[in-house]
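Note: the block below is structure-v2.csv and it holds CSV, C-alpha atoms and all ligand atoms.
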chain,number,residue,atom,x,y,z
A,1,MET,CA,143.4,100.9,112.9
A,2,ILE,CA,145.6,98.7,115.0
A,3,PHE,CA,148.7,100.0,116.7
A,4,ASP,CA,151.3,97.6,118.1
A,5,THR,CA,152.7,99.7,120.9
A,6,SER,CA,156.2,98.2,120.4
A,7,ALA,CA,156.2,99.1,116.8
A,8,ILE,CA,155.6,102.9,117.2
A,9,GLY,CA,158.0,105.5,118.6
A,10,PRO,CA,157.9,107.0,122.1
A,11,ARG,CA,156.3,110.2,120.9
A,12,GLU,CA,153.5,108.3,119.2
A,13,ARG,CA,153.0,106.1,122.3
A,14,TYR,CA,152.6,109.3,124.4
A,15,GLN,CA,150.1,110.7,121.8
A,16,LEU,CA,148.0,107.6,121.9
A,17,LEU,CA,148.1,107.2,125.7
A,18,THR,CA,147.3,110.8,126.6
A,19,SER,CA,144.5,111.2,124.0
A,20,LEU,CA,142.8,107.9,124.8
A,21,VAL,CA,143.2,107.9,128.6
A,22,ALA,CA,141.3,111.2,128.9
A,23,PRO,CA,140.0,113.3,130.5
A,24,ARG,CA,142.5,113.1,133.3
A,25,PRO,CA,142.1,115.2,136.5
A,26,VAL,CA,145.1,117.3,137.3
A,27,ALA,CA,147.0,117.0,140.6
A,28,TRP,CA,148.6,120.4,141.2
A,29,VAL,CA,151.4,119.1,143.4
A,30,SER,CA,153.0,121.4,146.0
A,31,THR,CA,156.3,120.4,147.7
A,32,ARG,CA,159.3,121.9,149.4
A,33,SER,CA,162.9,121.0,149.0
A,34,ALA,CA,165.0,119.8,152.0
A,35,ASP,CA,166.3,123.4,152.4
A,36,GLY,CA,162.7,124.8,152.4
A,37,ARG,CA,162.2,126.1,148.8
A,38,PRO,CA,158.5,125.8,147.7
A,39,ASN,CA,157.7,124.1,144.4
A,40,LEU,CA,154.4,123.8,142.5
A,41,ALA,CA,153.7,121.8,139.3
A,42,PRO,CA,150.8,120.0,137.6
A,43,PHE,CA,150.6,116.3,136.9
A,44,SER,CA,147.7,114.6,135.0
A,45,TYR,CA,149.0,111.0,135.4
A,46,PHE,CA,146.9,111.2,138.6
A,47,SER,CA,144.6,108.7,140.0
A,48,ALA,CA,142.6,107.4,143.0
A,49,VAL,CA,144.1,104.2,144.2
A,50,SER,CA,142.4,103.1,147.4
A,51,ALA,CA,139.9,104.6,149.9
A,52,THR,CA,141.2,102.6,153.0
A,53,PRO,CA,144.0,103.5,153.3
A,54,PHE,CA,143.3,106.7,151.5
A,55,LEU,CA,145.7,106.5,148.6
A,56,VAL,CA,146.3,108.5,145.4
A,57,SER,CA,149.0,108.1,142.8
A,58,VAL,CA,151.0,110.6,140.6
A,59,SER,CA,153.4,109.5,137.9
A,60,ILE,CA,156.3,111.9,137.6
A,61,GLY,CA,158.8,112.0,134.7
A,62,SER,CA,162.4,113.1,134.5
A,63,ARG,CA,164.0,116.0,132.7
A,64,ARG,CA,167.2,115.4,130.8
A,65,GLY,CA,167.7,112.2,132.9
A,66,GLU,CA,167.2,114.0,136.2
A,67,PRO,CA,164.1,113.7,138.4
A,68,LYS,CA,161.7,116.7,138.1
A,69,ASP,CA,161.8,119.0,141.1
A,70,SER,CA,158.5,117.7,142.5
A,71,LEU,CA,159.9,114.1,142.6
A,72,ARG,CA,163.2,115.2,144.1
A,73,ASN,CA,161.4,117.1,146.8
A,74,ILE,CA,159.0,114.3,147.6
A,75,ARG,CA,162.0,112.0,148.0
A,76,GLU,CA,163.8,114.5,150.2
A,77,THR,CA,160.9,115.3,152.5
A,78,GLY,CA,158.5,112.3,152.2
A,79,VAL,CA,155.5,114.6,151.9
A,80,PHE,CA,153.5,116.6,149.4
A,81,CYS,CA,150.1,118.2,148.8
A,82,VAL,CA,147.8,117.6,145.9
A,83,ASN,CA,145.8,120.7,145.1
A,84,VAL,CA,142.8,119.7,142.8
A,85,ALA,CA,143.2,122.0,139.8
A,86,THR,CA,140.0,124.0,139.2
A,87,GLU,CA,138.6,126.3,136.5
A,88,ALA,CA,139.3,129.4,138.5
A,89,LEU,CA,142.9,128.5,138.8
A,90,LEU,CA,143.5,127.0,135.3
A,91,ARG,CA,145.8,129.7,134.0
A,92,GLU,CA,147.8,129.8,137.2
A,93,MET,CA,148.1,126.0,137.1
A,94,ASN,CA,149.4,126.2,133.5
A,95,GLU,CA,151.9,128.9,134.4
A,96,THR,CA,153.5,126.5,137.0
A,97,SER,CA,154.1,123.9,134.3
A,98,GLY,CA,157.1,125.7,132.8
A,99,GLU,CA,160.3,123.7,133.0
A,100,TYR,CA,161.8,126.1,135.5
A,101,GLY,CA,164.9,125.4,137.5
A,102,PRO,CA,164.7,124.4,141.2
A,103,GLU,CA,165.5,127.9,142.2
A,104,VAL,CA,162.1,129.2,140.8
A,105,ASN,CA,159.3,129.4,143.3
A,106,GLU,CA,156.3,128.7,141.0
A,107,PHE,CA,153.8,130.1,143.7
A,108,GLU,CA,155.4,133.5,143.1
A,109,ARG,CA,155.8,132.9,139.4
A,110,ALA,CA,152.1,132.2,139.0
A,111,GLY,CA,151.0,134.7,141.6
A,112,VAL,CA,149.3,132.3,143.9
A,113,GLU,CA,149.4,132.5,147.6
A,114,ALA,CA,151.0,129.6,149.5
A,115,ALA,CA,149.8,128.4,152.9
A,116,TRP,CA,151.4,125.6,155.0
A,117,ALA,CA,149.7,122.3,155.6
A,118,GLU,CA,149.1,121.1,159.1
A,119,SER,CA,149.5,117.3,158.9
A,120,VAL,CA,152.6,117.4,156.6
A,121,GLU,CA,155.4,119.9,156.2
A,122,ALA,CA,154.5,121.0,152.7
A,123,PRO,CA,152.9,124.1,151.2
A,124,TYR,CA,149.5,124.2,149.5
A,125,VAL,CA,147.7,126.6,147.2
A,126,ALA,CA,145.7,128.8,149.6
A,127,ALA,CA,143.0,129.6,147.1
A,128,CYS,CA,142.5,125.9,146.1
A,129,PRO,CA,139.1,124.6,147.3
A,130,ALA,CA,140.3,121.0,147.7
A,131,VAL,CA,143.7,119.9,149.0
A,132,LEU,CA,145.0,116.5,149.9
A,133,GLU,CA,147.8,116.5,152.4
A,134,CYS,CA,149.9,113.4,151.6
A,135,ARG,CA,152.7,111.4,153.1
A,136,LEU,CA,154.7,109.3,150.7
A,137,PHE,CA,153.3,105.8,151.0
A,138,LYS,CA,155.3,104.1,148.3
A,139,GLU,CA,157.6,104.9,145.4
A,140,VAL,CA,157.2,102.4,142.6
A,141,GLU,CA,160.0,102.1,140.1
A,142,LEU,CA,158.6,101.4,136.6
A,143,GLU,CA,161.0,99.2,134.8
A,144,GLY,CA,162.0,100.7,131.4
A,145,SER,CA,160.2,103.9,132.1
A,146,SER,CA,161.6,107.4,132.9
A,147,ASN,CA,158.5,107.9,135.1
A,148,THR,CA,158.3,107.1,138.8
A,149,LEU,CA,154.9,106.2,140.4
A,150,ILE,CA,154.4,108.0,143.6
A,151,ILE,CA,151.7,106.8,145.9
A,152,GLY,CA,150.6,109.2,148.6
A,153,ASP,CA,148.7,108.4,151.8
A,154,VAL,CA,146.3,111.3,152.3
A,155,LEU,CA,146.4,112.2,155.9
A,156,ARG,CA,144.1,115.2,155.7
A,157,VAL,CA,141.7,116.7,153.3
A,158,ARG,CA,141.1,120.4,153.2
A,159,LEU,CA,137.8,121.3,151.6
A,160,ALA,CA,136.5,124.9,151.2
A,161,ASP,CA,133.3,125.6,153.1
A,162,ASP,CA,131.5,126.7,150.0
A,163,VAL,CA,131.9,123.2,148.4
A,164,PRO,CA,128.6,121.6,149.4
A,165,LEU,CA,128.5,118.0,150.7
A,166,HIS,CA,125.6,115.7,149.7
A,167,PRO,CA,123.4,115.7,152.9
A,168,GLY,CA,124.4,113.1,155.4
A,169,THR,CA,127.6,112.0,153.4
A,170,LEU,CA,131.1,113.2,152.6
A,171,PHE,CA,130.3,113.1,148.9
A,172,ALA,CA,131.5,116.6,147.9
A,173,ASP,CA,129.6,118.3,145.1
A,174,SER,CA,132.0,117.6,142.2
A,175,VAL,CA,130.2,120.0,139.9
A,176,ALA,CA,130.4,122.9,142.3
A,177,LEU,CA,134.2,122.2,142.7
A,178,GLU,CA,134.6,122.9,139.0
A,179,PRO,CA,137.7,120.6,138.5
A,180,VAL,CA,139.6,120.8,135.2
A,181,ALA,CA,141.0,117.8,133.4
A,182,ARG,CA,143.6,117.4,130.8
A,183,LEU,CA,143.0,115.9,127.3
A,184,TRP,CA,146.2,116.2,125.3
A,185,GLY,CA,148.7,118.9,124.4
A,186,ASP,CA,147.1,122.3,125.5
A,187,LEU,CA,143.6,120.9,125.6
A,188,TYR,CA,141.5,120.8,128.8
A,189,ALA,CA,138.0,119.6,129.6
A,190,MET,CA,135.5,120.8,132.2
A,191,ILE,CA,132.6,118.9,133.7
A,192,GLY,CA,129.7,118.8,131.3
A,193,GLU,CA,126.6,116.8,131.6
A,194,THR,CA,126.4,114.5,134.7
A,195,PRO,CA,123.7,111.8,134.0
A,196,SER,CA,122.7,109.7,136.9
A,197,ILE,CA,122.8,106.0,136.0
A,198,PRO,CA,121.9,103.5,138.8
A,199,ARG,CA,124.0,100.3,139.0
A,200,PRO,CA,122.3,97.1,138.1
A,201,ALA,CA,120.4,95.4,140.9
A,202,VAL,CA,121.5,91.8,141.3
A,301,LIG,C1,148.2,119.9,132.7
A,301,LIG,C2,149.6,119.3,132.8
A,301,LIG,C3,149.7,118.0,133.2
A,301,LIG,C4,151.0,117.5,133.3
A,301,LIG,N1,151.2,116.2,133.7
A,301,LIG,C5,152.4,115.6,133.9
A,301,LIG,C6,152.5,114.3,134.4
A,301,LIG,O1,151.6,113.6,134.7
A,301,LIG,N2,153.8,113.9,134.6
A,301,LIG,C7,154.9,114.6,134.3
A,301,LIG,O2,156.0,114.2,134.6
A,301,LIG,N3,154.8,115.9,133.9
A,301,LIG,C8,153.6,116.4,133.7
A,301,LIG,N4,153.4,117.7,133.2
A,301,LIG,C9,154.6,118.5,133.0
A,301,LIG,C10,155.1,119.1,134.3
A,301,LIG,O3,154.1,119.9,134.9
A,301,LIG,C11,156.4,119.9,134.1
A,301,LIG,O4,157.4,119.1,133.6
A,301,LIG,C12,156.8,120.7,135.3
A,301,LIG,O5,157.8,121.6,134.9
A,301,LIG,C13,157.4,119.8,136.4
A,301,LIG,O6,157.8,120.7,137.4
A,301,LIG,P1,158.9,120.4,138.5
A,301,LIG,O7,160.2,120.2,137.9
A,301,LIG,O8,158.9,121.6,139.4
A,301,LIG,O9,158.4,119.2,139.3
A,301,LIG,C14,152.1,118.2,133.0
A,301,LIG,C15,152.0,119.6,132.6
A,301,LIG,C16,150.7,120.1,132.4
A,301,LIG,C17,150.5,121.5,132.0

What does the file become when written as structure tokens?
Amino acid sequence: MIFDTSAIGPRERYQLLTSLVAPRPVAWVSTRSADGRPNLAPFSYFSAVSATPFLVSVSIGSRRGEPKDSLRNIRETGVFCVNVATEALLREMNETSGEYGPEVNEFERAGVEAAWAESVEAPYVAACPAVLECRLFKEVELEGSSNTLIIGDVLRVRLADDVPLHPGTLFADSVALEPVARLWGDLYAMIGETPSIPRPAV
């Protein structure tokens, strides 16, 4: 099968993209509006970008031609937190993905407790074992796309004490973290086998 991406419709492009670029980890993004209303929503167009500086990216779409609440809040405040979505919080995470109006506090809606970050003025999910406190590094306009790429500079990482670190390093035990990843539609993946494959010696 060969698909010329310019010859298929937007729905089909979305279907191919999200089913082939998978599994994608989920950034559960918490923000506040300029007037202080908390907001929480998941985004799986999420990636590591650079370690130094410590950058992550999230691609946020629009709704009926208007930026989603998370994007509007990031523009208004210049900060956000990425809560790494985990198995224990999967249902709560999904609950926050409803296309609610800006007046809805998704923390309350999903029954998750909010706490306030220290390095940035944004809320985070208190029960989340791994939280990245981010300052907006760059907003990248994607020509022809209704998505906007947000690059966040991670100023502080909050890691629960019960997530072990590999001795002598800051490699967190990714298996113990139990992150969830999105496939497509309503489908998710959890960490399965983790084979160790050394890189070739040159
Ligand atoms: C697991 C999951 C991943 C999602 N990933 C994205 C994404 O990468 N980009 C996006 O624009 N919307 C994504 N969505 C949809 C948003 O979560 C949804 O539009 C949400 O209402 C946005 O909230 P907000 O308006 O409060 O920002 C995703 C939904 C789910 C359940």

Per residue of chain A within 8 Å of ligand LIG 301 (chain A), what are the shortest atom pair and its distance in Å to one decimal, counting only C-alpha atoms and all ligand atoms, with rows by chain and residue number, as a tab-separated table?
residue	atom	partner	partner_atom	distance
A:Val26	CA	A:LIG301	C1	6.1
A:Ala27	CA	A:LIG301	C3	7.9
A:Asn39	CA	A:LIG301	O8	5.7
A:Leu40	CA	A:LIG301	O8	5.9
A:Ala41	CA	A:LIG301	O6	4.7
A:Pro42	CA	A:LIG301	O3	4.3
A:Phe43	CA	A:LIG301	N1	3.3
A:Ser44	CA	A:LIG301	O1	4.0
A:Tyr45	CA	A:LIG301	O1	3.7
A:Phe46	CA	A:LIG301	O1	6.6
A:Val58	CA	A:LIG301	O1	6.6
A:Ser59	CA	A:LIG301	O1	5.5
A:Ile60	CA	A:LIG301	O2	3.8
A:Gly61	CA	A:LIG301	O2	3.6
A:Ser62	CA	A:LIG301	O2	6.5
A:Arg63	CA	A:LIG301	O4	7.3
A:Pro67	CA	A:LIG301	O7	7.6
A:Lys68	CA	A:LIG301	O7	3.8
A:Asp69	CA	A:LIG301	O7	3.8
A:Ser70	CA	A:LIG301	O9	3.5
A:Leu71	CA	A:LIG301	O9	6.3
A:Arg72	CA	A:LIG301	O9	7.9
A:Met93	CA	A:LIG301	C17	7.2
A:Asn94	CA	A:LIG301	C17	5.1
A:Glu95	CA	A:LIG301	C17	7.9
A:Thr96	CA	A:LIG301	O5	6.8
A:Ser97	CA	A:LIG301	O3	4.0
A:Gly98	CA	A:LIG301	O5	4.7
A:Glu99	CA	A:LIG301	O5	3.8
A:Tyr100	CA	A:LIG301	O5	6.1
A:Gly101	CA	A:LIG301	O7	7.0
A:Pro102	CA	A:LIG301	O8	6.7
A:Glu106	CA	A:LIG301	O8	7.7
A:Asn147	CA	A:LIG301	O2	6.8
A:Ala181	CA	A:LIG301	C1	7.5
A:Arg182	CA	A:LIG301	C1	5.6
A:Asp186	CA	A:LIG301	C17	7.4
A:Tyr188	CA	A:LIG301	C1	7.8

**Prompt:** For A:Tyr124, which of A:Ile150, A:Val180, A:Val175, A:Val29 is the closest residue, counting all atoms listed in the file?
**Reply:** A:Val29

**Request:** For stretch 77-83 of chain A, please output as a list in words all residues within 6 Å (counting only C-alpha atoms; exclusion window: fewer than 6 positions along the same chain).
**Result:** Ala27, Trp28, Val29, Ser30, Thr31, Ala122, Val131, Leu132, Glu133, Cys134, Arg135 and Leu136 of chain A

Just C-alpha atoms for this one: save the residues we selected as an mmCIF file, keeping the file's coordinate frame.
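This is the output file result00.cif:
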data_model
loop_
_atom_site.group_PDB
_atom_site.id
_atom_site.type_symbol
_atom_site.label_atom_id
_atom_site.label_comp_id
_atom_site.auth_asym_id
_atom_site.auth_seq_id
_atom_site.Cartn_x
_atom_site.Cartn_y
_atom_site.Cartn_z
ATOM 1 C CA ALA A 27 147.000 117.000 140.600
ATOM 2 C CA TRP A 28 148.600 120.400 141.200
ATOM 3 C CA VAL A 29 151.400 119.100 143.400
ATOM 4 C CA SER A 30 153.000 121.400 146.000
ATOM 5 C CA THR A 31 156.300 120.400 147.700
ATOM 6 C CA ALA A 122 154.500 121.000 152.700
ATOM 7 C CA VAL A 131 143.700 119.900 149.000
ATOM 8 C CA LEU A 132 145.000 116.500 149.900
ATOM 9 C CA GLU A 133 147.800 116.500 152.400
ATOM 10 C CA CYS A 134 149.900 113.400 151.600
ATOM 11 C CA ARG A 135 152.700 111.400 153.100
ATOM 12 C CA LEU A 136 154.700 109.300 150.700
#

**Request:** Go through A:Val56, A:Glu108, A:Pro123, A:Glu113 one by one, measure the shortest atom-to-atom distance of each to A:Asn73 using all atoms listed in the file, and give the residue with the smallest value.
**Result:**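 Distance minimum relative to A:Asn73 lands on A:Pro123.
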
**Request:** Kindly extract all protein, DNA and RNA residues lying within 12 Å of the coordinates (141.3, 119.5, 124.9) given in the file, considering only C-alpha atoms, and supply them as a list in words.
**Result:** Thr18, Ser19, Leu20, Ala22, Pro23, Arg24, Val180, Ala181, Arg182, Leu183, Trp184, Gly185, Asp186, Leu187, Tyr188, Ala189 and Met190 of chain A

**Asked** Quick one: distance from atom CA of A:Leu170 to atom CA of A:Thr86 in Å, one decimal?
**Response** 19.4 Å

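Take atom CA of A:Val120 and atom CA of A:Val154: the distance between them is 9.8 Å.
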
**Complete:** What separates atom CA of A:Glu178 and atom CA of A:Ala48 is a distance of 17.9 Å

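Neighbouring residues of A:Glu118 at 10 Å or closer, counting only C-alpha atoms and skipping chain neighbours under 6 positions away, are A:Glu133, A:Leu155, A:Arg156, A:Arg158.
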
**Item:** Shortest interatomic distance to A:Leu55 - which of A:Leu165, A:Ile191, A:Leu177, A:Val157, counting all atoms listed in the file
**Value:**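 For A:Leu55, the nearest of the given residues is A:Val157.
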
**Request:** Counting only C-alpha atoms, write as a list of chain:residue names all protein and nucleic acid residues lying at most 12 Å from (159.5, 101.7, 145.5) in the file's frame.
**Result:**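 Selection result: A:Arg75, A:Leu136, A:Phe137, A:Lys138, A:Glu139, A:Val140, A:Glu141, A:Leu142, A:Glu143, A:Thr148, A:Leu149, A:Ile150, A:Ile151.
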
**Item:** Residue nearest A:Val163 - candidates A:Ser196, A:Leu90, A:Cys128, A:Ser145, atoms counted: all atoms listed in the file
**Value:**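 Checking each of A:Ser196, A:Leu90, A:Cys128, A:Ser145 against A:Val163, counting all atoms listed in the file, the winner is A:Cys128.
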